[in-house]
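**Q** Provided herewith: model_15.tsv, TSV, C-alpha atoms.
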```tsv
chain	number	residue	atom	x	y	z
A	14	MET	CA	137.30	54.60	116.06
A	15	ARG	CA	140.04	57.21	116.30
A	16	THR	CA	142.59	54.58	115.25
A	17	ILE	CA	140.64	53.79	112.08
A	18	GLN	CA	140.18	57.47	111.25
A	19	THR	CA	143.90	58.15	111.71
A	20	TYR	CA	144.73	55.15	109.55
A	21	VAL	CA	142.51	56.34	106.67
A	22	VAL	CA	143.83	59.92	106.78
A	23	TRP	CA	147.41	58.65	106.92
A	24	GLU	CA	146.87	56.33	103.95
A	25	VAL	CA	145.34	59.14	101.87
A	26	PHE	CA	148.12	61.63	102.59
A	27	LYS	CA	150.88	59.04	102.31
A	28	ILE	CA	149.86	58.28	98.74
A	29	PHE	CA	149.18	61.99	98.12
A	30	PHE	CA	152.72	63.06	99.08
A	31	LEU	CA	154.30	60.23	97.08
A	32	CYS	CA	152.22	61.13	94.03
A	33	LEU	CA	152.99	64.83	94.48
A	34	LEU	CA	156.72	64.17	94.81
A	35	ALA	CA	156.77	61.99	91.69
A	36	THR	CA	154.74	64.52	89.69
A	37	VAL	CA	156.90	67.50	90.70
A	38	LEU	CA	160.14	65.63	90.00
A	39	LEU	CA	158.82	64.51	86.63
A	40	MET	CA	157.79	68.04	85.68
A	41	VAL	CA	160.96	69.70	86.97
A	42	VAL	CA	163.59	67.19	85.83
A	43	GLY	CA	161.83	65.62	82.87
A	44	GLY	CA	160.24	68.85	81.70
A	45	GLY	CA	161.88	72.05	82.86
A	46	VAL	CA	165.51	70.92	83.18
A	47	ASN	CA	165.47	68.81	80.03
A	48	GLU	CA	163.82	71.54	77.97
A	49	GLY	CA	166.20	74.17	79.33
A	50	LEU	CA	169.26	72.08	78.43
A	51	LYS	CA	167.88	71.45	74.94
A	52	LYS	CA	167.52	75.19	74.42
A	53	GLY	CA	171.08	75.75	75.58
A	54	LEU	CA	170.40	77.46	78.89
A	55	PRO	CA	173.35	77.34	81.33
A	56	PRO	CA	172.87	74.60	83.98
A	57	SER	CA	173.62	77.10	86.76
A	58	ILE	CA	170.65	79.25	85.69
A	59	ILE	CA	168.34	76.24	85.40
A	60	LEU	CA	169.29	74.98	88.87
A	61	GLY	CA	168.98	78.48	90.30
A	62	MET	CA	165.39	78.82	89.07
A	63	MET	CA	164.20	75.36	90.11
A	64	PRO	CA	163.31	76.17	93.77
A	65	TYR	CA	161.23	79.14	92.63
A	66	PHE	CA	159.46	77.14	89.95
A	67	VAL	CA	158.21	74.43	92.34
A	68	PRO	CA	155.46	76.53	94.10
A	69	GLU	CA	154.06	77.50	90.71
A	70	MET	CA	153.64	73.83	89.81
A	71	LEU	CA	152.26	72.83	93.21
A	72	ARG	CA	149.23	75.12	92.75
A	73	PHE	CA	148.12	73.02	89.80
A	74	THR	CA	149.29	69.53	90.82
A	75	ILE	CA	147.97	69.38	94.40
A	76	PRO	CA	144.23	68.97	93.53
A	77	GLY	CA	144.92	66.23	90.97
A	78	CYS	CA	147.28	64.29	93.23
A	79	LEU	CA	144.80	64.54	96.09
A	80	LEU	CA	142.00	63.17	93.93
A	81	PHE	CA	144.22	60.27	92.83
A	82	SER	CA	145.12	59.36	96.43
A	83	ILE	CA	141.47	59.48	97.52
A	84	CYS	CA	140.40	57.24	94.63
A	85	THR	CA	143.20	54.81	95.50
A	86	VAL	CA	142.47	54.50	99.23
A	87	PHE	CA	138.67	54.50	99.23
A	88	GLY	CA	138.52	52.32	96.10
A	89	ARG	CA	140.83	49.75	97.72
A	90	MET	CA	138.86	49.80	100.98
A	91	SER	CA	135.59	49.20	99.14
A	92	ALA	CA	137.07	46.46	96.93
A	93	SER	CA	138.46	44.58	99.94
A	94	ASN	CA	135.10	44.88	101.79
A	95	GLU	CA	136.60	47.03	104.56
A	96	ILE	CA	133.62	49.39	104.24
A	97	VAL	CA	131.24	46.42	104.57
A	98	ALA	CA	133.12	45.31	107.68
A	99	LEU	CA	132.70	48.78	109.21
A	100	LYS	CA	128.97	48.70	108.50
A	101	SER	CA	128.74	45.23	110.08
A	102	ALA	CA	130.35	46.64	113.20
A	103	GLY	CA	127.69	49.36	113.31
A	104	ILE	CA	130.02	52.13	112.11
A	105	ASN	CA	128.66	54.62	109.59
A	106	PRO	CA	131.15	55.15	106.72
A	107	ILE	CA	130.73	58.90	107.24
A	108	GLU	CA	132.85	58.42	110.39
A	109	ILE	CA	135.91	57.69	108.23
A	110	ILE	CA	134.99	60.24	105.56
A	111	TRP	CA	134.67	63.44	107.59
A	112	PRO	CA	138.29	63.42	108.94
A	113	VAL	CA	139.55	63.21	105.35
A	114	LEU	CA	137.25	66.07	104.32
A	115	VAL	CA	138.53	68.20	107.22
A	116	ALA	CA	142.13	67.46	106.23
A	117	THR	CA	141.45	68.35	102.58
A	118	TYR	CA	139.71	71.55	103.68
A	119	ILE	CA	142.87	72.54	105.56
A	120	LEU	CA	144.94	71.61	102.51
A	121	SER	CA	142.78	74.02	100.49
A	122	PHE	CA	144.15	76.91	102.54
A	123	VAL	CA	147.69	75.65	101.96
A	124	THR	CA	147.00	75.80	98.21
A	125	PHE	CA	145.49	79.26	98.68
A	126	GLY	CA	148.66	80.35	100.49
A	127	LEU	CA	150.82	79.19	97.58
A	128	TYR	CA	149.45	82.09	95.50
A	129	ASP	CA	151.07	84.50	97.96
A	130	VAL	CA	154.30	82.50	97.90
A	131	CYS	CA	154.36	82.68	94.10
A	132	ALA	CA	153.56	86.40	93.99
A	133	GLY	CA	155.89	87.49	96.78
A	134	TRP	CA	158.78	85.03	96.47
A	135	SER	CA	158.83	82.80	93.37
A	136	ARG	CA	158.16	85.28	90.57
A	137	PRO	CA	160.33	88.14	91.90
A	138	ASN	CA	163.28	85.78	92.36
A	139	MET	CA	162.83	84.20	88.93
A	140	HIS	CA	162.66	87.71	87.45
A	141	ARG	CA	165.85	88.61	89.33
A	142	ILE	CA	167.69	85.57	87.96
A	143	ILE	CA	166.52	86.33	84.43
A	144	ILE	CA	167.68	89.94	84.62
A	145	GLN	CA	171.03	89.15	86.23
A	146	SER	CA	171.84	86.38	83.76
A	147	LEU	CA	170.13	87.62	80.61
A	148	ASP	CA	173.35	88.13	78.64
A	149	ASP	CA	174.77	84.78	79.82
A	150	THR	CA	171.56	83.06	78.71
A	151	ALA	CA	171.71	84.74	75.32
A	152	TYR	CA	175.37	83.78	74.80
A	153	SER	CA	174.70	80.18	75.82
A	154	MET	CA	171.87	79.81	73.30
A	155	LEU	CA	173.82	81.61	70.57
A	156	ARG	CA	176.73	79.18	70.99
A	157	THR	CA	174.48	76.13	70.63
A	158	GLN	CA	171.73	77.32	68.26
A	159	LYS	CA	173.30	80.38	66.56
A	160	SER	CA	170.12	82.31	67.33
A	161	PHE	CA	168.31	83.86	70.28
A	162	SER	CA	164.99	85.66	70.51
A	163	MET	CA	162.68	87.15	73.08
A	164	GLN	CA	159.86	89.66	73.05
A	165	GLY	CA	160.84	92.58	70.81
A	166	PHE	CA	164.29	91.26	69.90
A	167	SER	CA	166.02	88.52	67.90
A	168	VAL	CA	169.61	87.87	66.83
A	169	ARG	CA	171.30	85.40	64.48
A	170	VAL	CA	175.07	85.00	64.33
A	171	LYS	CA	177.64	83.23	62.20
A	172	GLY	CA	179.58	82.24	65.31
A	173	VAL	CA	180.57	83.19	68.86
A	174	ASP	CA	184.15	83.77	69.96
A	175	GLY	CA	184.25	84.32	73.72
A	176	ARG	CA	181.88	87.27	74.13
A	177	ARG	CA	182.25	88.43	70.52
A	178	LEU	CA	179.31	87.82	68.20
A	179	ILE	CA	180.63	87.21	64.68
A	180	GLU	CA	178.58	88.81	61.88
A	181	PRO	CA	175.37	89.24	63.88
A	182	PHE	CA	172.02	90.08	62.30
A	183	ILE	CA	169.86	91.81	64.92
A	184	THR	CA	166.20	92.79	64.75
A	185	VAL	CA	164.79	95.16	67.38
A	186	GLN	CA	161.16	96.24	67.80
A	187	THR	CA	161.21	99.78	69.17
A	188	PRO	CA	158.78	100.72	72.00
A	189	ASN	CA	155.28	102.14	71.43
A	190	ASP	CA	154.86	100.36	68.08
A	191	GLY	CA	157.71	102.30	66.53
A	192	PRO	CA	159.48	101.19	63.33
A	193	GLU	CA	161.49	97.98	63.43
A	194	VAL	CA	165.26	98.41	63.47
A	195	THR	CA	167.71	95.93	61.92
A	196	LEU	CA	171.43	95.91	62.61
A	197	THR	CA	174.17	94.02	60.79
A	198	ALA	CA	177.73	94.28	62.01
A	199	GLU	CA	181.17	92.79	61.67
A	200	GLU	CA	181.06	91.94	65.36
A	201	ALA	CA	179.05	92.85	68.44
A	202	GLU	CA	178.82	92.24	72.15
A	203	LEU	CA	175.81	91.91	74.48
A	204	GLU	CA	175.71	93.69	77.83
A	205	SER	CA	173.04	93.61	80.53
A	206	ASN	CA	172.40	96.08	83.33
A	207	PRO	CA	170.87	94.37	86.41
A	208	GLU	CA	169.99	97.77	87.91
A	209	THR	CA	167.72	98.82	85.04
A	210	GLY	CA	166.92	95.42	83.56
A	211	ALA	CA	168.13	96.57	80.15
A	212	LEU	CA	169.94	94.48	77.57
A	213	GLN	CA	171.99	96.38	75.01
A	214	VAL	CA	174.24	95.49	72.10
A	215	VAL	CA	177.52	97.19	71.22
A	216	CYS	CA	178.12	96.89	67.44
A	217	ARG	CA	181.36	97.60	65.57
A	218	ASN	CA	181.52	98.42	61.87
A	219	SER	CA	177.74	98.22	61.65
A	220	PHE	CA	174.91	99.08	59.28
A	221	ILE	CA	171.63	100.22	60.82
A	222	GLU	CA	168.32	100.31	58.92
A	223	SER	CA	164.99	101.50	60.27
A	224	GLY	CA	161.54	100.45	59.16
A	225	ASP	CA	160.72	104.04	58.21
A	226	GLY	CA	163.32	103.91	55.43
A	227	THR	CA	166.26	105.62	57.12
A	228	SER	CA	169.65	103.89	57.27
A	229	PHE	CA	173.27	104.69	58.05
A	230	SER	CA	176.65	103.05	58.56
A	231	GLN	CA	178.72	103.32	61.73
A	232	VAL	CA	182.40	102.38	61.88
A	233	GLU	CA	182.86	103.36	65.52
A	234	PRO	CA	181.16	101.31	68.29
A	235	PHE	CA	177.40	101.84	68.24
A	236	VAL	CA	175.21	101.09	71.30
A	237	GLN	CA	171.61	100.01	70.83
A	238	GLN	CA	169.28	99.12	73.72
A	239	ILE	CA	167.36	96.08	72.58
A	240	THR	CA	165.05	95.15	75.44
A	241	GLN	CA	163.86	96.36	78.84
A	242	LEU	CA	162.69	93.75	81.34
A	243	GLY	CA	162.12	96.16	84.18
A	244	THR	CA	163.97	96.67	87.44
A	245	LEU	CA	164.23	94.29	90.36
A	246	ASP	CA	161.97	96.56	92.43
A	247	GLN	CA	158.38	95.87	91.50
A	248	ASP	CA	156.08	98.82	90.79
A	249	LEU	CA	152.95	97.81	92.69
A	250	ASN	CA	150.83	100.52	91.05
A	251	SER	CA	151.28	99.02	87.59
A	252	ALA	CA	151.76	95.34	88.49
A	253	SER	CA	149.27	92.70	87.45
A	254	PRO	CA	146.89	91.72	90.29
A	255	ALA	CA	148.19	88.14	90.02
A	256	ALA	CA	151.67	89.45	90.89
A	257	LEU	CA	150.51	91.13	94.12
A	258	THR	CA	150.47	89.58	97.59
A	259	LEU	CA	147.23	89.70	99.56
A	260	ARG	CA	148.49	92.45	101.87
A	261	HIS	CA	148.99	94.77	98.88
A	262	ILE	CA	145.62	94.18	97.20
A	263	PRO	CA	143.38	96.27	99.58
A	264	ALA	CA	145.62	99.33	99.18
A	265	GLN	CA	145.61	98.91	95.40
A	266	ILE	CA	141.81	98.61	95.35
A	267	ALA	CA	141.50	101.84	97.35
A	268	ARG	CA	143.99	103.56	95.04
A	269	GLU	CA	142.22	102.54	91.82
A	270	ALA	CA	138.82	103.51	93.25
A	271	LYS	CA	140.18	106.95	94.17
A	272	LEU	CA	141.79	107.41	90.75
A	273	LEU	CA	138.53	106.41	89.05
A	274	GLU	CA	136.59	108.91	91.16
A	275	ASP	CA	139.10	111.69	90.40
A	276	THR	CA	138.92	110.88	86.68
A	277	ILE	CA	135.12	111.13	86.65
A	278	ASN	CA	135.32	114.41	88.58
A	279	ALA	CA	137.73	115.76	85.95
A	280	LEU	CA	135.05	115.15	83.31
A	281	HIS	CA	132.57	117.23	85.28
A	282	MET	CA	135.14	120.02	85.45
A	283	GLY	CA	135.39	120.25	81.67
A	284	GLY	CA	138.29	117.95	80.83
A	285	ASP	CA	138.90	116.24	77.48
A	286	PRO	CA	136.09	113.62	77.29
A	287	GLU	CA	138.04	111.22	75.07
A	288	ALA	CA	141.18	111.23	77.22
A	289	ILE	CA	139.15	110.98	80.42
A	290	ALA	CA	137.07	108.06	79.06
A	291	TYR	CA	140.26	106.20	78.13
A	292	ALA	CA	141.80	106.77	81.58
A	293	ALA	CA	138.58	105.84	83.38
A	294	GLU	CA	138.31	102.60	81.41
A	295	GLY	CA	141.84	101.61	82.42
A	296	HIS	CA	141.21	102.32	86.12
A	297	GLN	CA	137.86	100.51	86.05
A	298	LYS	CA	139.29	97.38	84.43
A	299	ARG	CA	142.15	97.17	86.92
A	300	LEU	CA	139.71	97.76	89.80
A	301	TRP	CA	137.54	94.83	88.65
A	302	ARG	CA	140.57	92.56	88.36
A	303	LEU	CA	141.83	93.55	91.83
A	304	GLN	CA	138.42	92.94	93.41
A	305	ALA	CA	138.22	89.49	91.82
A	306	GLU	CA	141.79	88.44	92.67
A	307	ARG	CA	141.35	87.47	96.34
A	308	GLN	CA	138.11	85.59	95.59
A	309	ARG	CA	139.81	83.87	92.65
A	310	ARG	CA	142.64	82.57	94.83
A	311	LEU	CA	140.25	81.36	97.54
A	312	SER	CA	138.01	79.56	95.05
A	313	ASN	CA	140.96	77.90	93.32
A	314	GLY	CA	142.35	76.77	96.67
A	315	LEU	CA	139.00	75.27	97.68
A	316	GLY	CA	139.23	73.03	94.62
A	317	CYS	CA	141.01	70.44	96.80
A	318	PHE	CA	137.97	70.14	99.07
A	319	CYS	CA	135.58	70.03	96.09
A	320	PHE	CA	137.57	67.24	94.43
A	321	ALA	CA	137.49	65.22	97.65
A	322	CYS	CA	133.71	65.61	97.99
A	323	VAL	CA	133.23	64.06	94.55
A	324	GLY	CA	136.08	61.52	94.62
A	325	ILE	CA	135.21	59.77	97.91
A	326	PRO	CA	131.63	58.63	97.10
A	327	VAL	CA	132.52	57.69	93.50
A	328	ALA	CA	135.47	55.56	94.67
A	329	MET	CA	133.32	53.82	97.31
A	330	TRP	CA	130.52	53.06	94.87
A	331	ARG	CA	132.94	51.72	92.24
A	332	ARG	CA	134.21	49.07	94.71
A	333	THR	CA	137.31	48.34	92.67
A	334	SER	CA	141.03	48.59	93.29
A	335	ASP	CA	141.48	49.87	89.73
A	336	ASN	CA	142.35	53.35	91.01
A	337	VAL	CA	143.41	54.70	87.59
A	338	THR	CA	140.00	54.04	86.04
A	339	THR	CA	138.25	55.50	89.08
A	340	PHE	CA	140.51	58.57	88.96
A	341	PHE	CA	139.70	59.30	85.32
A	342	LEU	CA	136.02	58.56	85.91
A	343	CYS	CA	136.09	61.43	88.42
A	344	PHE	CA	138.60	63.69	86.70
A	345	LEU	CA	137.19	63.74	83.16
A	346	PRO	CA	133.77	65.14	84.22
A	347	ILE	CA	135.64	67.62	86.45
A	348	LEU	CA	137.73	68.58	83.43
A	349	GLY	CA	134.60	69.08	81.34
A	350	VAL	CA	132.51	70.91	83.96
A	351	TYR	CA	134.64	72.41	86.72
A	352	TYR	CA	137.43	74.06	84.72
A	353	PRO	CA	135.19	75.63	82.02
A	354	LEU	CA	132.99	77.08	84.78
A	355	LEU	CA	136.11	78.26	86.61
A	356	VAL	CA	137.40	80.11	83.54
A	357	THR	CA	133.93	81.55	82.81
A	358	GLY	CA	133.46	82.83	86.35
A	359	GLU	CA	136.93	84.38	86.48
A	360	THR	CA	136.48	86.05	83.09
A	361	MET	CA	133.11	87.54	84.03
A	362	ALA	CA	134.44	88.81	87.35
A	363	ARG	CA	137.54	90.38	85.79
A	364	ASP	CA	135.49	92.02	83.03
A	365	GLY	CA	132.94	93.39	85.50
A	366	VAL	CA	130.06	91.45	83.91
A	367	LEU	CA	129.25	89.85	87.26
A	368	ALA	CA	130.26	90.55	90.85
A	369	PRO	CA	133.66	89.23	92.07
A	370	TYR	CA	131.90	86.34	93.79
A	371	SER	CA	131.11	84.81	90.39
A	372	VAL	CA	134.53	83.13	90.58
A	373	TRP	CA	132.90	80.68	93.03
A	374	LEU	CA	130.58	79.35	90.31
A	375	ALA	CA	132.66	76.23	89.61
A	376	ASP	CA	133.12	75.43	93.32
A	377	VAL	CA	129.40	75.80	94.04
A	378	VAL	CA	128.48	73.40	91.23
A	379	LEU	CA	131.09	70.82	92.25
A	380	LEU	CA	130.17	71.10	95.94
A	381	GLY	CA	126.51	70.64	95.03
A	382	ILE	CA	127.32	67.45	93.10
A	383	GLY	CA	129.64	66.19	95.85
A	384	GLY	CA	127.14	67.01	98.59
A	385	LEU	CA	124.39	65.11	96.75
A	386	LEU	CA	126.63	62.07	96.29
A	387	LEU	CA	127.68	62.09	99.95
A	388	TRP	CA	124.03	62.42	101.04
A	389	LYS	CA	123.05	59.39	98.95
A	390	LEU	CA	126.03	57.48	100.31
A	391	ASN	CA	124.99	58.24	103.87
A	392	ARG	CA	121.40	57.13	103.20
A	393	ASN	CA	122.52	53.84	101.66
```
Give the structure from the file, written as structure tokens.

**A**
Amino acid sequence: MRTIQTYVVWEVFKIFFLCLLATVLLMVVGGGVNEGLKKGLPPSIILGMMPYFVPEMLRFTIPGCLLFSICTVFGRMSASNEIVALKSAGINPIEIIWPVLVATYILSFVTFGLYDVCAGWSRPNMHRIIIQSLDDTAYSMLRTQKSFSMQGFSVRVKGVDGRRLIEPFITVQTPNDGPEVTLTAEEAELESNPETGALQVVCRNSFIESGDGTSFSQVEPFVQQITQLGTLDQDLNSASPAALTLRHIPAQIAREAKLLEDTINALHMGGDPEAIAYAAEGHQKRLWRLQAERQRRLSNGLGCFCFACVGIPVAMWRRTSDNVTTFFLCFLPILGVYYPLLVTGETMARDGVLAPYSVWLADVVLLGIGGLLLWKLNRN
């Protein structure tokens, strides 16, 4: 019996890893690299970001690839009457199902761990590469497309000579919803500061016009900071919960709870009600999001196990080697039920409408359906 169980688990994960490899390569090479080259990004920057981009993709591709491999193996076994042969030998099909379910349950924690890898390794390193090569990226795109834009900033040029921008037209959105600033110059040069994450432009023989109606000409070099991406050192107290590792979340929850309590106490001591209400709302919203974050990651990781619970009985009942049809027969209802419930549960938990455990809504529904299907399979 152990030999059969090992064989089934090996077949499932053999196809799973092949499917995962093909999917990741297709998304990285056919999607990310190709799109980056089309936009004029330097190949060195694209290649440098690829290793950090892979964990982000794995979080989303693992459940789908696992479902495909399960539909392939169990559909083929049913179509070739291997399941019937096991029953004839007095072996309950559950004996070959539960090892696969245990393996997928373990894989769920691997998927859960990828969230920490993304938050603590992938995103910080991608941010570092972007900051350190921001000016090189801009120059590369300006040479190929004669334009470059990002949040709060855009530039169009007549040409690029080395690091000189010929007749640039620059639009800058000032912080805090300030007036828009436009700069035209005879020539300019972009400079980035990796320490502060700032990108600035040095204009020569320029004309500067502000959205509030003021304007002036500048013959001498004029320096204008055009964007601020932030430093390489992450500020945990203002970071998004999705950007925090699990070891940082408890401390941030305690901090936000203390700040919320202090803010409410300030109201009792006669503080400005409007300012205090605004501050309390900000602390409360971040506290809800922090409390939901760990549960969100666990529930998303458990999706692998939920998909397996549904995919195995459906593939066995279909009794066909047409694995693509079986896959979509499982995946389309999941797409229409599981993911909407997942988004709804996460939104309610983050907004404080329901407790943080509402993020498990989609998993509970899918596990209920899968459990019912497995129960019927065992009875028959």

**Q** Could you please determine the separation between atom CA of Leu39 of chain A and atom CA of Thr157 of chain A in Å, to one decimal place?

**A** 25.2 Å

**Q** Using all atoms listed in the file, which residue out of A:His296, A:Val86, A:Pro64, A:Ile58 lies closest to Val21 of chain A?

**A**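 Residue with the minimum atom-to-atom distance to Val21 of chain A: A:Val86.
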
**Q** Could you please determine the separation between atom CA of Ala362 of chain A and atom CA of Ala305 of chain A in Å, to one decimal place?

**A**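 Value for the atom CA of Ala362 of chain A-atom CA of Ala305 of chain A distance: 5.9 Å.
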
**Q** Write out as a VMD selection string the residues lying within 6 Å of segment 158-169 of chain A, counting all atoms listed in the file and excluding same-chain residues fewer than 6 positions away.

**A** chain A and resid 181 to 186

**Q** Neighbours of Leu272 of chain A within 12 Å (only C-alpha atoms; same-chain residues fewer than 6 positions away dropped), as a ChimeraX atom specification?

**A** /A:250,265-266,278-279,289,292-297,299-300

**Q** Between A:Ile104, A:Glu69, A:Val113, A:Arg392, which one has atoms that come closest to Trp23 of chain A, using all atoms listed in the file?

**A**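 Checking each candidate against Trp23 of chain A, we get A:Val113 as the closest.
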
**Q** What gap, in Å, lies between atom CA of Ser135 of chain A and atom CA of Phe66 of chain A?

**A**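 So the two atoms, atom CA of Ser135 of chain A and atom CA of Phe66 of chain A, lie 6.6 Å apart.
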
**Q** Of the candidates A:Val130, A:Leu212, A:Leu273, A:Val378, which shows the shortest atom-to-atom distance to Gly316 of chain A, using all atoms listed in the file?

**A**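 Ranked by minimum distance to Gly316 of chain A, first place goes to A:Val378.
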
**Q** Could you check which of A:Leu303, A:Tyr291, A:Val42, A:Asp285 is closest to Glu269 of chain A, using only C-alpha atoms?

**A** A:Leu303

**Q** How big is the axis-aligned box around the listed atoms of segment 62-74 of chain A once 4 Å is added on each side, and where is its centre? Give both in Å to one decimal, as JSON.

**A**
```
{"center_x": 156.8, "center_y": 74.3, "center_z": 91.6, "size_x": 25.3, "size_y": 17.6, "size_z": 13.0}
```

**Q** Using all atoms listed in the file, which protein or nucleic acid residues come within 12 Å of Thr360 of chain A? Drop anything in the same chain fewer than 4 positions from it, and give the result as a PyMOL selection string.

**A** chain A and resi 298+301-302+305-306+309+353-356+364-374

**Q** Please identify all polymer residues lying at most 12 Å from the point (186.3, 103.7, 65.8) (file coordinates), using only C-alpha atoms, and present the result as an NGL selection string.

**A** :A and (216-219 or 231-235)

**Q** Can you pull out every residue within 7 Å of segment 318-335 of chain A, counting only C-alpha atoms, but drop anything in the same chain fewer than 2 positions away, and send it as a list in words?

**A** Pro76, Leu80, Ile83, Cys84, Thr85, Phe87, Gly88, Arg89, Ser91, Ala92, Leu114, Thr117, Tyr118, Ser121, Leu315, Gly316, Val337, Thr338, Thr339, Cys343, Asp376, Leu379, Leu380, Ile382, Gly383, Gly384, Leu386, Leu387 and Leu390 of chain A
